[in-house]
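**Student:** The structure's right below; bear with me while I get my questions together.
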Amino acid sequence: MKSLLSHSRIIVALIAVALTVLVACDGTTEQTTSAVSPIPVATAVPTAVLPTRAVGDLLVVATDAPLPPFTDFDIFGNVTGFDNAVIERIAAQSDLDYEFVVTPSEGVLDNIATGSARDFDAVMSALVIPDTPPPGIAFTEPYLEVGQVLMVLVDKKDINGAADIQPGMTVGVLTDSAGQDAAAALGIAGSDLFDAYERPSQLIQALIDEVVDVVIVDSYIADYFVRSFPEQVRIAGGEGRASWLDYRAYGIAVAADNTGLLDKLNTSLGTLREKGVLDELAVAWLTPEANPAAAVNPGESRVGTPGTELYIGVAGQFTDMDPASLTTDFIAWEIKTNTMSGLYRFNPDNELEPLLASAMPAVSEDKLEYTIPLRTGLRFPDGSEFTADDVKWSLNRAAGLGNFLVNSYLKDSNGDNFADGDAVQVIDPFTVKIILKEPTGYFPAILATPPFFPISSDCYSDAGDPGSTCGAIGPYTIASWDPNNRMRLRANPDWPGDPKPAFENITIRFFGDTDSMKRSLTEFRSVDLAWTGLPFTDYVQLTSLDENGDGQPDYTGWQGTNTFKSYLIFEQSTKPWDSERVRQAAALAIDHDALAALFGGARLPLLSPVPDTVPGHVATFPARDLDAARALLRVDGYTETTKLPITLWYLNDGRYSAIEEQYAAAIKAQLEETNVFQVELASTDWSEFRLQISQCGFPMYLIGWPSPGQPVSYLDASSWTDFFVTGTDRVFCSNYKSTAMDKLVAEARAEVEEGPRLELYGRIQTLWAKELPTLPLTQEPRRAVSLPTIGGVRVDALGIMHYEWLTKETGE
């Protein structure tokens with residue numbers, strides 16, 4: 001096939017006036033700015049005899065120019081525009097060379113008519129195909145068919161034709177377009193409810209943003225945007241031409257007796273139409289902007305979600321996929337847990353089981369060395385094989401990047417707070433040894449957290465790699481990721497865990513605010529499940545809705561594990577909190593149920609330092625007993641007449657709740673019901689609060705754990721206790737000291753067997769209720785709301801949802 005661009009030529013034929021535009025039958029000049037203003041076909045009239053041109057592979061096409069966007073000139077005088085683009089594709093299909101001849105219209109059709117001497121093979125100049133062609137002229141099948149159509153939002157069911165446009169509806173059109181003419185014909189253009197836009201993208205954006213109710217636009221523009229945004233907009237009034245308010249077809253004129261050329265052109269046009277090339281060219285050349293869909297923010301899907309896919313909404317941002325990252329919020333750890341795996345994992349019943357490891361570890365006699373056999377035959381998403389070398393490289397990398405969890409547990413001979421290079425050792429390709437700095441019986445649980453997930457050295461860089469989409473060996477791989485919008489996951493056929501993912505694809509939507517996430521669930525149903533960040537008030541409202549009155553809630557509520565606790569800390573090196581009896585009296589004065597009730601069901605009472613849903617929890621705190629509280633206070637010399645003045649500090653910036661002042665006031669009231677405690681409330685913001693408690697500046701304060709939006713570091717009861725009984729002279733200062741507690745914590749940490757370790761945790765919680773390193777008050781679970789078709793929502797004790805368990809009823 002010949003090169004189209006190198007062989008296409010322009011011949012400017014000065015038959016009357018060079019570079020004139022074709023004129024209509026009445027002789028007026030036709031000015032065109034869009035595809036909706038055709039050049040009328042001139043009636044064929046006798047012309048002077050012209051020399052006959054030899055027939056060959058060169059297609060000579062008469063046109064006029066400039067007539068944008070159909071024809072125009074580039075800076076070199078070559079014909080450009082929509083017509084040229086179509087002829088270029090036709091020539092490629094037909095193995096023809098071509099050239100344009102720019103000529104005025106008079107006599108052009110007669111020149112090519114049957115029986116005439118011909119200077120041209122065809123005429124192409126925005127010619128509308130007439131109902132009856134001139135004598136001796138035939139037209140090809142249309143290379144452009146245009147009608148005006150109505151576009152509406154895809155979920156707007158009350159507009160299916162022009163008759164449905166009601167008073168008060170706003171109609172949008174393009175400025176100076178056939179759509180504007182169509183609106184005028186419908187009696188709309190003169191009203192106040194008529195908006196004209198310069199660009200198609202602006203027009204469609206106005207429709208999506210509900211600035212206008214309906215749009216009237218060229219059919220090819222409508223088709224383009226419906227293909228681009230099928231979940232947002234549709235054409236009203238039926239399929240194909242049934243929806244058109246009017247109709248025009250543009251064709252190429254040839255001699256009626258030149259059936260060979262006519263067939264060749266029609267064959268090529270048919271192929272181009274079938275491949276969608278003509279539609280692409282129409283959008284590219286006949287719209288006044290390049291790539292108009294890129295300028296549109298489509299917003300939410302308005303057709304729900306596909307039955308075979310799942311969409312999860314979270315309120316918040318996610319910017320770091322590196323498992324070695326210091327980022328430990330719920331969103332980050334959950335996505336990593338579902339796109340990577342550890343040597344061990346917790347199932348939704350909070351039972352630890354091997355995953356990338358083939359068995360539980362063999363522990364040395366000194367309880368410092370963990371030898372772990374690995375599964376064979378596993379591969380990372382990049383295709384590389386998973387071996388012991390990957391475990392060593394991943395943990396050494398995380399340690400070198402300063403991950404606190406890795407460096408807290410692995411051997412550190414020189415005490416520089418970085419794990420030794422030989423703390424992880426490769427025994428053979430599928431056996432690894434990990435050496436700890438001190439005995440830690442729950443270490444396999446640590447191996448189930450993201451910082452310990454093995455990753456591929458062929459895919460991740462040695463340095464921090466927050467933007468990586470490599471993932472690792474998880475139930476899902478990362479198909480795409482836009483940190484400001486969504487992450488799309490694809491089921492991993494090589495994941496060794498059970499169950500296998502129920503969905504081929506899961507999309508996680510990131511919302512900037514909770515209202516948008518709620519609207520996506522309820523109004524658009526463009527997410528199946530609203531999760532992280534969902535306010536409790538929305539949870540209550542949605543799970544109580546029954547709009548159709550069938551007795552079933554319209555949405556399903558899911559309550560996960562308790563992942564936050566609120567408590568009091570006493571600075572025990574200062575009076576009166578250096579007295580165990582005074583601390584016990586304060587605990588006996590607290591009504592946990594009443595405090596939880598302040599939150600309207602969002603929180604639950606907590607009678608242990610360990611939340612109820614964490615394995616090993618034991619409720620050890622006694623019920624409220626004001627008489628017992630007074631008796632203890634009397635021993636220390638405090639009575640109804642000899643009051644005990646104390647100050648309770650709390651946060652006033654909404655960090656933990658919107659009712660923290662009311663919460664603190666309720667604690668004050670309960671303590672003062674002893675008629676002994678005399679409580680003054682004081683508050684500040686987090687920056688000052690954090691500074692003061694790190695310096696032991698507040699003798700009594702109300703605080704929460706862990707930080708909002710974060711899980712605890714690992715799934716074990718000790719993650720809720722050890723922090724508060726070690727290093728107590730800093731961070732959350734209490735200056736609590738107890739030889740008995742230190743002994744129990746050390747024994748529990750060193751205990752490898754789960755049963756004896758849980759028994760020790762029970763003893764720790766019992767001693768906690770006596771010595772009160774902290775006074776637990778309330779706890780709060782994570783909650784989700786889903787469409788009623790969603791099932792299998794399973795959340796482990798870290799607060800992490802496991803996507804492989806999720807299901808959806810499709811109604812099939």
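Naming scheme: A, B, ... for chains in displayed order of the structure tokens; residues 1 onward per chain; ligands 1 onward as shown.
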Report as an MDAnalysis selection string all protein, DNA and RNA residues lying within 9 Å of Ala784 (chain A), evaluated on only C-alpha atoms, omitting residues in the same chain fewer than 4 positions from it.
**Tutor:** chainID A and resid 529:532 534 539 556:560 793
**Student:** Considering only C-alpha atoms, return as a PyMOL selection string whatever protein or nucleic-acid residues lie within 12 Å of Ile800 (chain A), sequence-local ones (same chain, fewer than 4 positions apart) excluded.
**Tutor:** chain A and resi 328-338+345-350+448-450+531-532+560-563+709-712+714-715+781-784+793-796
**Student:** Have a look at A:Ala255, A:Leu648, A:Leu269, A:Val582 and name the one nearest to Val86 (chain A); count only C-alpha atoms.
**Tutor:** A:Leu269
**Student:** Give me the residues near Val233 (chain A) as a count of residues only, where near means some atom within 6 Å (using only C-alpha atoms) and where sequence neighbours in that chain fewer than 2 positions away do not count.
**Tutor:** 5
**Student:** Pick the closest to Leu109 (chain A) from A:Cys696, A:Leu265, A:Ala138, A:Leu545: which is it, counting only C-alpha atoms?
**Tutor:**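 Between A:Cys696, A:Leu265, A:Ala138, A:Leu545, the residue approaching Leu109 (chain A) most closely is A:Ala138.
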**Student:** Which residue gives the smallest distance to Tyr311 (chain A) among A:Ala222, A:Ile112, A:Met517, A:Leu186, with only C-alpha atoms counted?
**Tutor:**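 Of all the options, A:Met517 lies closest to Tyr311 (chain A).
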**Student:** If you measure from CA of Asp462 (chain A) to CA of Asn396 (chain A), what distance in Å do you get, rounded to one decimal?
**Tutor:**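 Taking CA of Asp462 (chain A) and CA of Asn396 (chain A), their separation equals 9.9 Å.
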**Student:** Nearest to Phe318 (chain A) among A:Gly402, A:Gly467, A:Gly421, A:Pro373, with distances taken over only C-alpha atoms: which residue is it?
**Tutor:**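 With only C-alpha atoms as the atom set, the closest residue is A:Gly467.
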**Student:** My list of candidates is A:Thr63, A:Ser364, A:Asn160, A:Gln93. Which is closest to Leu127 (chain A) when distances are computed with only C-alpha atoms?
**Tutor:**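 Residue with the minimum atom-to-atom distance to Leu127 (chain A): A:Thr63.
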**Student:** Kindly give the distance, in Å, that separates CA of Arg519 (chain A) and CA of Asp653 (chain A), rounded to a single decimal.
**Tutor:** 27.1 Å
**Student:** If we count only C-alpha atoms, what is near Ala589 (chain A) at a cut-off of 8 Å, once residues fewer than 3 positions away on the same chain are taken out, given as a ChimeraX atom specification?
**Tutor:** /A:585-586,624-626,629,670-671,673-674
**Student:** With N, CA and C atoms retained, export the selected residues as an mmCIF file, in the first residue's frame.
**Tutor:**
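Result file part_14.cif:
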```
data_model
loop_
_atom_site.group_PDB
_atom_site.id
_atom_site.type_symbol
_atom_site.label_atom_id
_atom_site.label_comp_id
_atom_site.auth_asym_id
_atom_site.auth_seq_id
_atom_site.Cartn_x
_atom_site.Cartn_y
_atom_site.Cartn_z
ATOM 1 N N ALA A 585 -10.618 3.854 94.732
ATOM 2 C CA ALA A 585 -11.860 4.568 95.032
ATOM 3 C C ALA A 585 -12.401 5.246 93.777
ATOM 4 N N ALA A 586 -11.507 5.831 92.982
ATOM 5 C CA ALA A 586 -11.949 6.458 91.735
ATOM 6 C C ALA A 586 -12.564 5.411 90.805
ATOM 7 N N ARG A 624 -19.782 -0.623 90.011
ATOM 8 C CA ARG A 624 -19.764 0.609 90.801
ATOM 9 C C ARG A 624 -20.224 0.342 92.241
ATOM 10 N N ASP A 625 -19.500 0.962 93.207
ATOM 11 C CA ASP A 625 -19.836 0.795 94.615
ATOM 12 C C ASP A 625 -19.379 2.048 95.345
ATOM 13 N N LEU A 626 -20.270 2.999 95.502
ATOM 14 C CA LEU A 626 -19.900 4.280 96.109
ATOM 15 C C LEU A 626 -19.539 4.123 97.585
ATOM 16 N N ALA A 629 -16.077 2.954 97.785
ATOM 17 C CA ALA A 629 -15.178 4.040 97.407
ATOM 18 C C ALA A 629 -14.961 4.986 98.583
ATOM 19 N N GLN A 670 -19.779 11.678 88.357
ATOM 20 C CA GLN A 670 -19.742 10.367 89.006
ATOM 21 C C GLN A 670 -18.763 10.354 90.170
ATOM 22 N N LEU A 671 -17.595 10.928 89.975
ATOM 23 C CA LEU A 671 -16.626 10.984 91.082
ATOM 24 C C LEU A 671 -17.163 11.799 92.251
ATOM 25 N N GLU A 673 -20.139 12.104 93.154
ATOM 26 C CA GLU A 673 -21.230 11.438 93.877
ATOM 27 C C GLU A 673 -20.723 10.729 95.127
ATOM 28 N N THR A 674 -19.442 10.585 95.286
ATOM 29 C CA THR A 674 -18.888 10.065 96.539
ATOM 30 C C THR A 674 -19.030 11.093 97.661
#
```
**Student:** In Å, rounded to a single decimal, give me how far CA of Leu702 (chain A) is from CA of Ser566 (chain A).
**Tutor:**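 CA of Leu702 (chain A) lies at a distance of 7.3 Å from CA of Ser566 (chain A).
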**Student:** Wanna dump the region 518-583 of chain A-region 727-738 of chain A contacts at 9 Å for me, each residue with its shortest atom pair and the distance in Å to one decimal, counting only C-alpha atoms, ordered by chain and number, as a Markdown table?
**Tutor:**
```
| residue | atom | partner | partner_atom | distance |
| --- | --- | --- | --- | --- |
| A:Ile569 | CA | A:Ser734 | CA | 6.3 |
| A:Phe570 | CA | A:Ser734 | CA | 5.6 |
| A:Glu571 | CA | A:Ser734 | CA | 4.2 |
| A:Gln572 | CA | A:Asn735 | CA | 5.4 |
| A:Ser573 | CA | A:Asn735 | CA | 6.0 |
| A:Asp578 | CA | A:Tyr736 | CA | 8.9 |
```
**Student:** Taking the DSSP secondary structure from the backbone, can you list the residues of region 87-297 of chain A that are strand (DSSP E), as a PyMOL selection string?
**Tutor:** chain A and resi 97-102+122-123+137-139+144-146+148-153+171-174+194-197+214-218+233-236+248-250+253-255
**Student:** For region 194-209 of chain A, find every residue with an atom within 8 Å (counting only C-alpha atoms), except residues of its own chain fewer than 4 positions away, and show them as number ranges by chain.
**Tutor:** A: 152-153, 170-175, 180, 188-190, 213-215, 221, 225, 232-233, 287-289, 292-293, 295-299
